[in-house]
>>> print(open('coords.cif').read())   # mmCIF, C-alpha atoms
data_input
loop_
_atom_site.group_PDB
_atom_site.id
_atom_site.type_symbol
_atom_site.label_atom_id
_atom_site.label_comp_id
_atom_site.auth_asym_id
_atom_site.auth_seq_id
_atom_site.Cartn_x
_atom_site.Cartn_y
_atom_site.Cartn_z
ATOM 1 C CA MET A 1 67.946 106.594 99.411
ATOM 2 C CA PRO A 2 64.379 105.189 99.668
ATOM 3 C CA ARG A 3 64.255 101.668 101.023
ATOM 4 C CA ASP A 4 62.994 100.105 97.759
ATOM 5 C CA ARG A 5 65.403 102.027 95.521
ATOM 6 C CA PRO A 6 68.343 99.547 95.741
ATOM 7 C CA ARG A 7 65.964 96.692 94.964
ATOM 8 C CA THR A 8 64.825 98.451 91.777
ATOM 9 C CA LEU A 9 68.280 99.727 90.846
ATOM 10 C CA PHE A 10 69.917 96.293 91.022
ATOM 11 C CA SER A 11 66.901 94.172 89.955
ATOM 12 C CA ILE A 12 66.675 92.429 93.323
ATOM 13 C CA HIS A 13 63.458 90.443 93.110
ATOM 14 C CA THR A 14 63.218 89.236 96.702
ATOM 15 C CA VAL A 15 64.361 90.817 99.978
ATOM 16 C CA TYR A 16 63.961 88.769 103.165
ATOM 17 C CA PRO A 17 63.152 90.646 106.370
ATOM 18 C CA THR A 18 65.024 88.166 108.604
ATOM 19 C CA LEU A 19 67.646 85.453 108.449
ATOM 20 C CA ALA A 20 65.023 82.910 109.474
ATOM 21 C CA ALA A 21 62.895 83.840 106.464
ATOM 22 C CA ALA A 22 65.848 83.449 104.101
ATOM 23 C CA ALA A 23 66.850 80.139 105.702
ATOM 24 C CA ALA A 24 63.344 78.789 105.168
ATOM 25 C CA THR A 25 63.727 78.926 101.384
ATOM 26 C CA SER A 26 64.900 75.913 99.408
ATOM 27 C CA GLY A 27 67.725 75.807 96.876
ATOM 28 C CA THR A 28 69.300 78.998 98.213
ATOM 29 C CA ILE A 29 73.025 79.716 98.026
ATOM 30 C CA PHE A 30 74.061 81.930 100.936
ATOM 31 C CA ASP A 31 76.788 84.605 100.917
ATOM 32 C CA LEU A 32 77.925 85.487 104.454
ATOM 33 C CA ALA A 33 79.550 88.904 104.125
ATOM 34 C CA VAL A 34 79.873 89.495 107.884
ATOM 35 C CA PRO A 35 82.744 90.032 110.361
ATOM 36 C CA GLY A 36 84.566 86.912 111.497
ATOM 37 C CA ASP A 37 83.014 86.805 114.956
ATOM 38 C CA GLN A 38 79.482 86.682 113.469
ATOM 39 C CA ILE A 39 79.940 83.681 111.173
ATOM 40 C CA LEU A 40 79.263 80.736 113.477
ATOM 41 C CA SER A 41 75.955 81.992 114.854
ATOM 42 C CA ILE A 42 74.636 82.441 111.296
ATOM 43 C CA LEU A 43 75.865 79.056 110.053
ATOM 44 C CA GLU A 44 74.007 77.394 112.917
ATOM 45 C CA GLN A 45 70.742 78.820 111.541
ATOM 46 C CA LEU A 46 71.173 77.816 107.901
ATOM 47 C CA PRO A 47 69.320 74.805 106.498
ATOM 48 C CA ARG A 48 71.149 71.485 106.572
ATOM 49 C CA SER A 49 73.104 70.723 103.368
ATOM 50 C CA ALA A 50 72.960 74.350 102.249
ATOM 51 C CA ALA A 51 75.644 75.921 100.048
ATOM 52 C CA VAL A 52 77.419 78.934 101.539
ATOM 53 C CA LEU A 53 80.258 81.293 100.701
ATOM 54 C CA ILE A 54 81.825 82.666 103.893
ATOM 55 C CA GLN A 55 83.733 85.929 104.026
ATOM 56 C CA LYS A 56 87.278 85.723 105.281
ATOM 57 C CA PRO A 57 88.597 85.342 107.927
ATOM 58 C CA MET A 58 87.193 82.000 109.015
ATOM 59 C CA GLY A 59 86.467 83.430 112.445
ATOM 60 C CA PRO A 60 88.601 85.739 114.581
ATOM 61 C CA ASP A 61 91.081 82.997 115.540
ATOM 62 C CA LEU A 62 91.879 79.308 115.072
ATOM 63 C CA ALA A 63 89.578 78.195 117.903
ATOM 64 C CA ALA A 64 86.652 79.872 116.142
ATOM 65 C CA ALA A 65 87.778 78.409 112.797
ATOM 66 C CA ARG A 66 87.658 74.930 114.307
ATOM 67 C CA ALA A 67 84.127 75.559 115.563
ATOM 68 C CA ILE A 68 83.070 76.846 112.125
ATOM 69 C CA HIS A 69 84.677 73.838 110.462
ATOM 70 C CA ALA A 70 82.887 71.452 112.835
ATOM 71 C CA CYS A 71 79.557 73.222 112.243
ATOM 72 C CA CYS A 72 79.957 72.926 108.453
ATOM 73 C CA ARG A 73 80.637 69.210 108.787
ATOM 74 C CA GLU A 74 77.840 68.561 111.260
ATOM 75 C CA ARG A 75 75.303 70.424 109.111
ATOM 76 C CA ASP A 76 76.698 68.951 105.850
ATOM 77 C CA LEU A 77 77.214 72.416 104.362
ATOM 78 C CA THR A 78 78.916 72.898 101.011
ATOM 79 C CA ALA A 79 81.075 75.719 102.334
ATOM 80 C CA ALA A 80 83.860 77.814 100.833
ATOM 81 C CA ILE A 81 85.830 80.744 102.226
ATOM 82 C CA ASN A 82 86.045 83.893 100.105
ATOM 83 C CA PHE A 83 89.802 83.797 99.470
ATOM 84 C CA GLN A 84 89.274 85.594 96.189
ATOM 85 C CA LEU A 85 92.965 86.446 95.657
ATOM 86 C CA ARG A 86 93.291 82.861 94.388
ATOM 87 C CA PHE A 87 91.009 83.986 91.536
ATOM 88 C CA SER A 88 92.889 87.198 90.746
ATOM 89 C CA PRO A 89 93.798 87.046 87.041
ATOM 90 C CA ASN A 90 97.541 87.325 87.661
ATOM 91 C CA VAL A 91 97.499 84.729 90.463
ATOM 92 C CA LEU A 92 95.569 82.293 88.237
ATOM 93 C CA ALA A 93 98.132 82.885 85.474
ATOM 94 C CA LEU A 94 101.008 82.350 87.919
ATOM 95 C CA ARG A 95 99.437 79.149 89.241
ATOM 96 C CA ASP A 96 99.254 77.840 85.663
ATOM 97 C CA LEU A 97 102.824 78.939 84.999
ATOM 98 C CA LEU A 98 104.097 77.058 88.050
ATOM 99 C CA ALA A 99 102.022 73.968 87.247
ATOM 100 C CA ARG A 100 103.718 73.801 83.840
ATOM 101 C CA GLY A 101 107.163 74.142 85.427
ATOM 102 C CA GLU A 102 107.934 77.343 83.501
ATOM 103 C CA LEU A 103 109.974 78.862 86.339
ATOM 104 C CA GLY A 104 111.579 75.671 87.609
ATOM 105 C CA ALA A 105 111.791 74.879 91.304
ATOM 106 C CA ILE A 106 110.755 77.853 93.463
ATOM 107 C CA VAL A 107 113.583 79.323 95.520
ATOM 108 C CA ASP A 108 112.190 82.709 96.587
ATOM 109 C CA ALA A 109 108.788 84.236 97.324
ATOM 110 C CA ASP A 110 108.528 87.853 98.420
ATOM 111 C CA VAL A 111 105.433 89.939 99.169
ATOM 112 C CA ARG A 112 105.824 93.682 99.677
ATOM 113 C CA ILE A 113 102.764 95.729 100.654
ATOM 114 C CA VAL A 114 103.611 99.330 101.572
ATOM 115 C CA ILE A 115 100.377 101.346 101.402
ATOM 116 C CA ASP A 116 98.081 103.728 103.262
ATOM 117 C CA GLN A 117 95.131 101.458 104.080
ATOM 118 C CA PRO A 118 91.919 103.362 104.922
ATOM 119 C CA TRP A 119 91.061 101.244 107.964
ATOM 120 C CA HIS A 120 88.387 103.755 109.027
ATOM 121 C CA ARG A 121 86.149 102.545 106.179
ATOM 122 C CA TRP A 122 85.422 99.357 108.167
ATOM 123 C CA SER A 123 84.145 100.510 111.535
ATOM 124 C CA PHE A 124 83.766 96.948 112.864
ATOM 125 C CA LEU A 125 87.572 96.610 112.787
ATOM 126 C CA GLU A 126 87.985 99.323 115.407
ATOM 127 C CA GLY A 127 88.722 97.545 118.662
ATOM 128 C CA ALA A 128 89.184 94.113 117.050
ATOM 129 C CA PRO A 129 91.918 92.260 118.972
ATOM 130 C CA ARG A 130 93.596 91.143 115.731
ATOM 131 C CA LEU A 131 93.516 93.203 112.584
ATOM 132 C CA GLU A 132 96.160 93.319 109.864
ATOM 133 C CA VAL A 133 96.864 89.622 109.369
ATOM 134 C CA PRO A 134 93.335 88.097 109.556
ATOM 135 C CA TYR A 135 91.557 90.926 107.756
ATOM 136 C CA HIS A 136 94.018 91.722 104.978
ATOM 137 C CA SER A 137 97.321 89.907 104.743
ATOM 138 C CA ILE A 138 95.595 86.561 105.178
ATOM 139 C CA HIS A 139 95.033 86.836 101.420
ATOM 140 C CA TYR A 140 98.782 86.745 100.715
ATOM 141 C CA LEU A 141 99.387 83.936 103.198
ATOM 142 C CA ASP A 142 96.610 81.920 101.578
ATOM 143 C CA ALA A 143 97.862 82.610 98.050
ATOM 144 C CA ILE A 144 101.398 81.563 98.985
ATOM 145 C CA ARG A 145 100.072 78.315 100.470
ATOM 146 C CA TRP A 146 98.179 77.724 97.213
ATOM 147 C CA LEU A 147 101.211 78.493 95.050
ATOM 148 C CA VAL A 148 104.187 77.244 97.071
ATOM 149 C CA GLY A 149 102.729 74.682 99.470
ATOM 150 C CA GLU A 150 102.492 74.258 103.206
ATOM 151 C CA PRO A 151 105.128 75.995 105.368
ATOM 152 C CA SER A 152 106.477 74.128 108.369
ATOM 153 C CA GLY A 153 106.488 77.182 110.614
ATOM 154 C CA VAL A 154 106.320 80.966 110.930
ATOM 155 C CA TYR A 155 108.430 83.818 112.243
ATOM 156 C CA CYS A 156 106.376 86.956 112.789
ATOM 157 C CA ARG A 157 106.180 90.325 114.501
ATOM 158 C CA VAL A 158 103.023 92.413 114.359
ATOM 159 C CA ALA A 159 103.054 96.113 115.233
ATOM 160 C CA ARG A 160 100.566 98.853 116.064
ATOM 161 C CA HIS A 161 100.761 102.486 114.926
ATOM 162 C CA PRO A 162 100.730 105.408 117.400
ATOM 163 C CA LEU A 163 98.375 107.464 115.206
ATOM 164 C CA LEU A 164 95.774 104.666 115.167
ATOM 165 C CA PRO A 165 95.318 103.946 118.879
ATOM 166 C CA SER A 166 91.887 102.314 118.474
ATOM 167 C CA PHE A 167 93.139 99.768 115.946
ATOM 168 C CA ALA A 168 95.251 96.723 116.729
ATOM 169 C CA ASP A 169 98.171 95.613 114.566
ATOM 170 C CA THR A 170 98.360 97.478 111.258
ATOM 171 C CA ARG A 171 101.829 96.267 110.216
ATOM 172 C CA SER A 172 103.713 92.992 110.271
ATOM 173 C CA SER A 173 106.859 91.225 109.162
ATOM 174 C CA ILE A 174 106.382 87.537 108.389
ATOM 175 C CA ILE A 175 108.721 84.760 107.318
ATOM 176 C CA LEU A 176 107.237 81.435 106.264
ATOM 177 C CA ASP A 177 109.594 78.534 106.910
ATOM 178 C CA TYR A 178 110.087 76.268 103.909
ATOM 179 C CA GLY A 179 113.469 75.000 105.013
ATOM 180 C CA ASP A 180 116.765 76.229 103.613
ATOM 181 C CA HIS A 181 115.850 75.956 99.913
ATOM 182 C CA VAL A 182 113.025 78.519 99.744
ATOM 183 C CA ARG A 183 113.169 82.016 101.247
ATOM 184 C CA CYS A 184 109.678 83.391 101.825
ATOM 185 C CA SER A 185 109.175 86.863 103.285
ATOM 186 C CA LEU A 186 106.211 89.226 103.641
ATOM 187 C CA THR A 187 106.659 92.926 104.419
ATOM 188 C CA LEU A 188 103.295 94.445 105.311
ATOM 189 C CA ASN A 189 103.009 98.141 106.154
ATOM 190 C CA HIS A 190 99.469 99.516 105.923
ATOM 191 C CA THR A 191 100.321 102.919 107.424
ATOM 192 C CA HIS A 192 102.737 104.388 104.864
ATOM 193 C CA ARG A 193 101.730 108.062 104.837
ATOM 194 C CA ALA A 194 104.635 109.612 102.961
ATOM 195 C CA GLY A 195 102.739 109.944 99.695
ATOM 196 C CA PRO A 196 102.235 107.627 96.720
ATOM 197 C CA ARG A 197 105.712 107.653 95.199
ATOM 198 C CA TYR A 198 107.124 104.650 97.069
ATOM 199 C CA ARG A 199 103.980 102.671 97.700
ATOM 200 C CA SER A 200 104.276 99.018 96.783
ATOM 201 C CA SER A 201 101.849 96.166 96.214
ATOM 202 C CA GLN A 202 103.602 93.193 94.704
ATOM 203 C CA LEU A 203 104.526 89.533 94.798
ATOM 204 C CA MET A 204 107.829 88.317 93.354
ATOM 205 C CA ILE A 205 108.306 84.600 92.746
ATOM 206 C CA GLU A 206 111.698 83.339 91.639
ATOM 207 C CA GLY A 207 112.543 79.867 90.394
ATOM 208 C CA VAL A 208 115.765 78.321 89.170
ATOM 209 C CA ASP A 209 114.659 78.901 85.541
ATOM 210 C CA GLY A 210 112.815 82.219 85.727
ATOM 211 C CA ALA A 211 110.848 84.724 87.752
ATOM 212 C CA ALA A 212 107.429 86.374 87.883
ATOM 213 C CA ARG A 213 106.359 89.720 89.321
ATOM 214 C CA LEU A 214 102.722 90.483 90.111
ATOM 215 C CA THR A 215 101.211 93.806 91.216
ATOM 216 C CA TRP A 216 97.764 94.587 92.646
ATOM 217 C CA GLY A 217 96.651 98.122 91.909
ATOM 218 C CA VAL A 218 93.735 98.341 94.340
ATOM 219 C CA ASN A 219 96.118 98.617 97.289
ATOM 220 C CA LEU A 220 97.900 101.610 95.807
ATOM 221 C CA ASP A 221 94.818 103.840 95.628
ATOM 222 C CA TYR A 222 91.783 102.180 97.206
ATOM 223 C CA PRO A 223 89.245 101.426 95.866
ATOM 224 C CA SER A 224 90.127 102.254 92.250
ATOM 225 C CA GLY A 225 93.875 102.139 91.738
ATOM 226 C CA PRO A 226 95.797 101.252 88.583
ATOM 227 C CA ALA A 227 95.344 97.967 86.750
ATOM 228 C CA ASP A 228 97.029 94.826 88.032
ATOM 229 C CA THR A 229 100.111 93.631 86.170
ATOM 230 C CA MET A 230 102.140 90.479 85.607
ATOM 231 C CA GLU A 231 105.611 90.139 84.152
ATOM 232 C CA ILE A 232 107.761 87.056 83.635
ATOM 233 C CA SER A 233 111.495 86.773 83.121
ATOM 234 C CA HIS A 234 113.633 84.119 81.511
ATOM 235 C CA GLY A 235 117.317 84.885 81.194
ATOM 236 C CA GLY A 236 116.945 88.457 82.389
ATOM 237 C CA GLU A 237 114.412 89.638 79.788
ATOM 238 C CA TRP A 238 111.091 90.717 81.289
ATOM 239 C CA THR A 239 107.865 90.271 79.324
ATOM 240 C CA SER A 240 104.441 91.654 80.264
ATOM 241 C CA VAL A 241 101.536 89.213 80.388
ATOM 242 C CA PRO A 242 98.135 90.602 79.289
ATOM 243 C CA LEU A 243 95.431 90.145 81.909
ATOM 244 C CA ARG A 244 91.636 90.156 81.781
ATOM 245 C CA GLY A 245 90.704 92.311 84.736
ATOM 246 C CA SER A 246 92.174 92.800 88.195
ATOM 247 C CA TRP A 247 91.876 91.383 91.708
ATOM 248 C CA PHE A 248 89.388 94.100 92.683
ATOM 249 C CA THR A 249 86.663 93.477 91.703
ATOM 250 C CA CYS A 250 87.007 90.917 88.904
ATOM 251 C CA ALA A 251 88.283 88.110 91.160
ATOM 252 C CA PHE A 252 85.185 88.322 93.357
ATOM 253 C CA GLU A 253 83.184 86.378 90.782
ATOM 254 C CA GLY A 254 85.517 83.396 91.211
ATOM 255 C CA PRO A 255 84.599 81.936 94.639
ATOM 256 C CA MET A 256 80.834 82.350 94.137
ATOM 257 C CA SER A 257 80.956 81.047 90.560
ATOM 258 C CA ASN A 258 82.967 78.035 91.720
ATOM 259 C CA LEU A 259 80.466 77.362 94.538
ATOM 260 C CA GLN A 260 77.508 77.624 92.176
ATOM 261 C CA ARG A 261 79.176 75.348 89.636
ATOM 262 C CA VAL A 262 79.933 72.736 92.306
ATOM 263 C CA VAL A 263 76.285 72.778 93.392
ATOM 264 C CA ALA A 264 75.216 72.453 89.734
ATOM 265 C CA GLY A 265 77.658 69.577 89.138
ATOM 266 C CA GLU A 266 79.765 71.586 86.664
ATOM 267 C CA ASP A 267 82.906 71.854 88.844
ATOM 268 C CA ARG A 268 84.324 68.816 90.592
ATOM 269 C CA ALA A 269 85.583 70.567 93.715
ATOM 270 C CA LEU A 270 85.687 73.865 95.610
ATOM 271 C CA ILE A 271 88.862 75.918 95.121
ATOM 272 C CA SER A 272 88.811 77.323 98.680
ATOM 273 C CA PRO A 273 86.793 74.883 100.824
ATOM 274 C CA VAL A 274 86.669 75.199 104.598
ATOM 275 C CA ASP A 275 88.766 72.005 104.832
ATOM 276 C CA ASP A 276 91.623 73.903 103.178
ATOM 277 C CA ALA A 277 90.904 77.384 104.546
ATOM 278 C CA ILE A 278 91.327 76.222 108.128
ATOM 279 C CA ARG A 279 94.994 75.567 107.328
ATOM 280 C CA THR A 280 95.404 79.204 106.314
ATOM 281 C CA MET A 281 93.812 80.111 109.652
ATOM 282 C CA ALA A 282 96.411 77.899 111.353
ATOM 283 C CA VAL A 283 99.154 79.947 109.661
ATOM 284 C CA VAL A 284 97.515 83.160 110.912
ATOM 285 C CA GLU A 285 97.370 81.722 114.430
ATOM 286 C CA ALA A 286 101.050 80.808 114.213
ATOM 287 C CA CYS A 287 101.838 84.409 113.245
ATOM 288 C CA TYR A 288 100.297 85.768 116.441
ATOM 289 C CA SER A 289 101.835 83.031 118.572
ATOM 290 C CA SER A 290 105.246 83.849 117.120
ATOM 291 C CA SER A 291 104.764 87.580 117.670
ATOM 292 C CA ALA A 292 103.668 87.052 121.278
ATOM 293 C CA SER A 293 106.546 84.725 122.100
ATOM 294 C CA GLY A 294 109.130 87.409 121.408
ATOM 295 C CA SER A 295 112.419 87.472 119.563
ATOM 296 C CA THR A 296 115.611 85.589 120.274
ATOM 297 C CA PRO A 297 117.616 87.603 122.806
ATOM 298 C CA ILE A 298 120.943 88.897 121.562
ATOM 299 C CA PRO A 299 123.693 87.112 123.531
ATOM 300 C CA PRO A 300 126.343 89.000 125.485
ATOM 301 C CA THR A 301 129.567 89.713 123.684
ATOM 302 C CA ALA A 302 131.766 88.709 126.595
#
>>> encode(input="coords.cif", output="C-alpha cells")
Amino acid sequence: MPRDRPRTLFSIHTVYPTLAAAAATSGTIFDLAVPGDQILSILEQLPRSAAVLIQKPMGPDLAAARAIHACCRERDLTAAINFQLRFSPNVLALRDLLARGELGAIVDADVRIVIDQPWHRWSFLEGAPRLEVPYHSIHYLDAIRWLVGEPSGVYCRVARHPLLPSFADTRSSIILDYGDHVRCSLTLNHTHRAGPRYRSSQLMIEGVDGAARLTWGVNLDYPSGPADTMEISHGGEWTSVPLRGSWFTCAFEGPMSNLQRVVAGEDRALISPVDDAIRTMAVVEACYSSSASGSTPIPPTA
C-alpha cells in the first residue's frame, strides 16, 4: 500500500516522522502501543505532564513496572494502562451487579480459557522470557482484582508447549488466595488444538444469592469470533443479559475515552491508572515466583 494511503483512508491529518517531533507538540494525548520492554524509554522522552495510555503489560516484569511507575510520577504524567477488559460490556455489567449486591457475597470465581491462540501473529513475543501471563491472562487477573478485590497470595504453575519451542509459557494454572471463603481459580490453555468443539472462554462468578456467567467470543475464533454473552442466575433460573458490543473491539474505546475525559475534566479519575496497574503487575510477578519455587513435595507414606 502506498505510504500516504493509510493517512487518506483513515483521515489522519498529521503523521510525525519521529517520536521527538510528536513529543514537541502541545496538548497531545499519547497512545503507547509497544511491547512491554519498550515503554520506559519512550515515556522518558514525552513532555512533562503529558497524558498517555500505555499498552499492557506495564513492562516485562515488576522491576520494570516500578521504573515505569517512578517515571510517570517524576514526569507528572497522567498515565493509564490499557486494561480494556475492565471496559468489556459484560464486565462493566457484572461490576454494576456486584456493586448493587445482586449476587450477595462472592464465594467463587472461576476463569476457564481453553483456546488455540495464534501466538505467531505477534512476532515480538517469540523469545520473550515471559509470555502467557503478562501478555494475555493479565487481563483476567486484573479484572478479578477489580471485581473481587486484592488477593493475599498466588499459587501458580506455568508451562511451555513442545510444538512451540521458540515461545515461553503458553499455559498456566493459577489460584488466587482470598482465604477460605472465596475459591478463585484460573485455567489457561492457549494451545488447545483438538478443534473448536470444546473451546472455552468464560468467567463464572458465584455469590451466596446468585451467579453470573460471562463469555468472550474473540478467544474462540480470533479475531472475529461469536458475540460475547452474559447470563445471571437467581434460584437456578438463568437469564440472558443483552449487551452493547463485545470485548474485542468495543471495549478498546473505554481506556482512551476515560483518559481523554479526565484530561478534559469530565471524569474524576482514571479507571486503570498506573498506581493501580502496578498491583496487577505484582500479581503477575507472584505467579512466576510461585511457579519457579516448585510444588509441595508429596510426603512418604511410611
>>> residues_around(input="coords.cif", residues="A:Pro165", least_positions_apart="4", cutoff="10 Å", atoms="all atoms listed in the file", output="list in words")
Glu126, Gly127, Arg160, His161 and Asp169 of chain A
>>> resolve_selection(input="coords.cif", expression="the PyMOL selection byres ((chain A and resi 218-232) around 10)", output="PDB file with C-alpha atoms, in the coordinates of the input")
ATOM      1  CA  SER A  88      92.889  87.198  90.746  1.00  0.00           C
ATOM      2  CA  PRO A  89      93.798  87.046  87.041  1.00  0.00           C
ATOM      3  CA  ASN A  90      97.541  87.325  87.661  1.00  0.00           C
ATOM      4  CA  VAL A  91      97.499  84.729  90.463  1.00  0.00           C
ATOM      5  CA  ALA A  93      98.132  82.885  85.474  1.00  0.00           C
ATOM      6  CA  LEU A  94     101.008  82.350  87.919  1.00  0.00           C
ATOM      7  CA  LEU A  97     102.824  78.939  84.999  1.00  0.00           C
ATOM      8  CA  GLU A 102     107.934  77.343  83.501  1.00  0.00           C
ATOM      9  CA  LEU A 103     109.974  78.862  86.339  1.00  0.00           C
ATOM     10  CA  ILE A 113     102.764  95.729 100.654  1.00  0.00           C
ATOM     11  CA  VAL A 114     103.611  99.330 101.572  1.00  0.00           C
ATOM     12  CA  ILE A 115     100.377 101.346 101.402  1.00  0.00           C
ATOM     13  CA  ASP A 116      98.081 103.728 103.262  1.00  0.00           C
ATOM     14  CA  GLN A 117      95.131 101.458 104.080  1.00  0.00           C
ATOM     15  CA  PRO A 118      91.919 103.362 104.922  1.00  0.00           C
ATOM     16  CA  HIS A 190      99.469  99.516 105.923  1.00  0.00           C
ATOM     17  CA  PRO A 196     102.235 107.627  96.720  1.00  0.00           C
ATOM     18  CA  ARG A 197     105.712 107.653  95.199  1.00  0.00           C
ATOM     19  CA  TYR A 198     107.124 104.650  97.069  1.00  0.00           C
ATOM     20  CA  ARG A 199     103.980 102.671  97.700  1.00  0.00           C
ATOM     21  CA  SER A 200     104.276  99.018  96.783  1.00  0.00           C
ATOM     22  CA  SER A 201     101.849  96.166  96.214  1.00  0.00           C
ATOM     23  CA  GLN A 202     103.602  93.193  94.704  1.00  0.00           C
ATOM     24  CA  LEU A 203     104.526  89.533  94.798  1.00  0.00           C
ATOM     25  CA  MET A 204     107.829  88.317  93.354  1.00  0.00           C
ATOM     26  CA  ILE A 205     108.306  84.600  92.746  1.00  0.00           C
ATOM     27  CA  GLU A 206     111.698  83.339  91.639  1.00  0.00           C
ATOM     28  CA  GLY A 210     112.815  82.219  85.727  1.00  0.00           C
ATOM     29  CA  ALA A 211     110.848  84.724  87.752  1.00  0.00           C
ATOM     30  CA  ALA A 212     107.429  86.374  87.883  1.00  0.00           C
ATOM     31  CA  ARG A 213     106.359  89.720  89.321  1.00  0.00           C
ATOM     32  CA  LEU A 214     102.722  90.483  90.111  1.00  0.00           C
ATOM     33  CA  THR A 215     101.211  93.806  91.216  1.00  0.00           C
ATOM     34  CA  TRP A 216      97.764  94.587  92.646  1.00  0.00           C
ATOM     35  CA  GLY A 217      96.651  98.122  91.909  1.00  0.00           C
ATOM     36  CA  SER A 233     111.495  86.773  83.121  1.00  0.00           C
ATOM     37  CA  HIS A 234     113.633  84.119  81.511  1.00  0.00           C
ATOM     38  CA  GLY A 236     116.945  88.457  82.389  1.00  0.00           C
ATOM     39  CA  GLU A 237     114.412  89.638  79.788  1.00  0.00           C
ATOM     40  CA  TRP A 238     111.091  90.717  81.289  1.00  0.00           C
ATOM     41  CA  THR A 239     107.865  90.271  79.324  1.00  0.00           C
ATOM     42  CA  SER A 240     104.441  91.654  80.264  1.00  0.00           C
ATOM     43  CA  VAL A 241     101.536  89.213  80.388  1.00  0.00           C
ATOM     44  CA  PRO A 242      98.135  90.602  79.289  1.00  0.00           C
ATOM     45  CA  LEU A 243      95.431  90.145  81.909  1.00  0.00           C
ATOM     46  CA  ARG A 244      91.636  90.156  81.781  1.00  0.00           C
ATOM     47  CA  GLY A 245      90.704  92.311  84.736  1.00  0.00           C
ATOM     48  CA  SER A 246      92.174  92.800  88.195  1.00  0.00           C
ATOM     49  CA  TRP A 247      91.876  91.383  91.708  1.00  0.00           C
ATOM     50  CA  PHE A 248      89.388  94.100  92.683  1.00  0.00           C
ATOM     51  CA  THR A 249      86.663  93.477  91.703  1.00  0.00           C
TER      52      THR A 249
END
>>> closest_atom_pairs(input="coords.cif", of="stretch 65-108 of chain A", to="stretch 48-55 of chain A", cutoff="6 Å", atoms="all atoms listed in the file", output="CSV")
residue,atom,partner,partner_atom,distance
A:Arg75,CA,A:Arg48,CA,5.0
A:Asp76,CA,A:Ser49,CA,4.7
A:Leu77,CA,A:Ser49,CA,4.6
A:Thr78,CA,A:Ala51,CA,4.6
A:Ala79,CA,A:Val52,CA,4.9
A:Ala80,CA,A:Leu53,CA,5.0
A:Ile81,CA,A:Ile54,CA,4.7
A:Asn82,CA,A:Gln55,CA,5.0
>>> atom_distance(input="coords.cif", atom1="atom CA of A:Ile68", atom2="atom CA of A:Val274")
8.5 Å
>>> resolve_selection(input="coords.cif", expression="the PyMOL selection byres ((chain A and resi 179) around 12)", output="ChimeraX atom specification")
/A:107-108,150-154,175-178,180-184
>>> atom_distance(input="coords.cif", atom1="atom CA of A:Gly36", atom2="atom CA of A:Asp61")
8.6 Å
>>> closest_residue(input="coords.cif", among="A:Arg130, A:His136, A:Arg279, A:Arg145", to="A:Ala168", atoms="only C-alpha atoms")
A:Arg130
>>> closest_residue(input="coords.cif", among="A:Ala105, A:Ile39, A:Met58, A:Cys72", to="A:Asp209", atoms="all atoms listed in the file")
A:Ala105
>>> closest_residue(input="coords.cif", among="A:His120, A:Arg73, A:Arg95, A:Arg193", to="A:Leu43", atoms="only C-alpha atoms")
A:Arg73
>>> axis_aligned_box(input="coords.cif", around="stretch 173-192 of chain A", padding_each_side="5 Å", output="lines of an AutoDock Vina configuration file")
center_x = 108.1
center_y = 89.7
center_z = 104.5
size_x = 27.3
size_y = 39.4
size_z = 19.4
>>> atom_distance(input="coords.cif", atom1="atom CA of A:Asp142", atom2="atom CA of A:Thr280")
5.6 Å
>>> closest_residue(input="coords.cif", among="A:Ala20, A:Val111, A:Val133, A:Ala99", to="A:Cys156", atoms="all atoms listed in the file")
A:Val133
>>> closest_residue(input="coords.cif", among="A:Leu147, A:Leu40, A:Ala65, A:Leu19", to="A:Pro134", atoms="only C-alpha atoms")
A:Ala65
>>> resolve_selection(input="coords.cif", expression="the PyMOL selection byres ((chain A and resi 259) around 10)", output="list of chain:residue names")
A:Ile29, A:Ala51, A:Val52, A:Leu53, A:Thr78, A:Ala79, A:Ala80, A:Ile81, A:Gly254, A:Pro255, A:Met256, A:Ser257, A:Asn258, A:Gln260, A:Arg261, A:Val262, A:Val263, A:Ala264, A:Gly265, A:Glu266, A:Asp267, A:Ala269, A:Leu270, A:Ile271, A:Ser272, A:Pro273
>>> closest_residue(input="coords.cif", among="A:Tyr155, A:His192, A:His69, A:Val208", to="A:Ser295", atoms="all atoms listed in the file")
A:Tyr155
>>> residues_near_point(input="coords.cif", point="(65.3, 79.9, 101.4)", cutoff="12 Å", atoms="only C-alpha atoms", output="ChimeraX atom specification")
/A:14-16,18-30,45-48,50-51
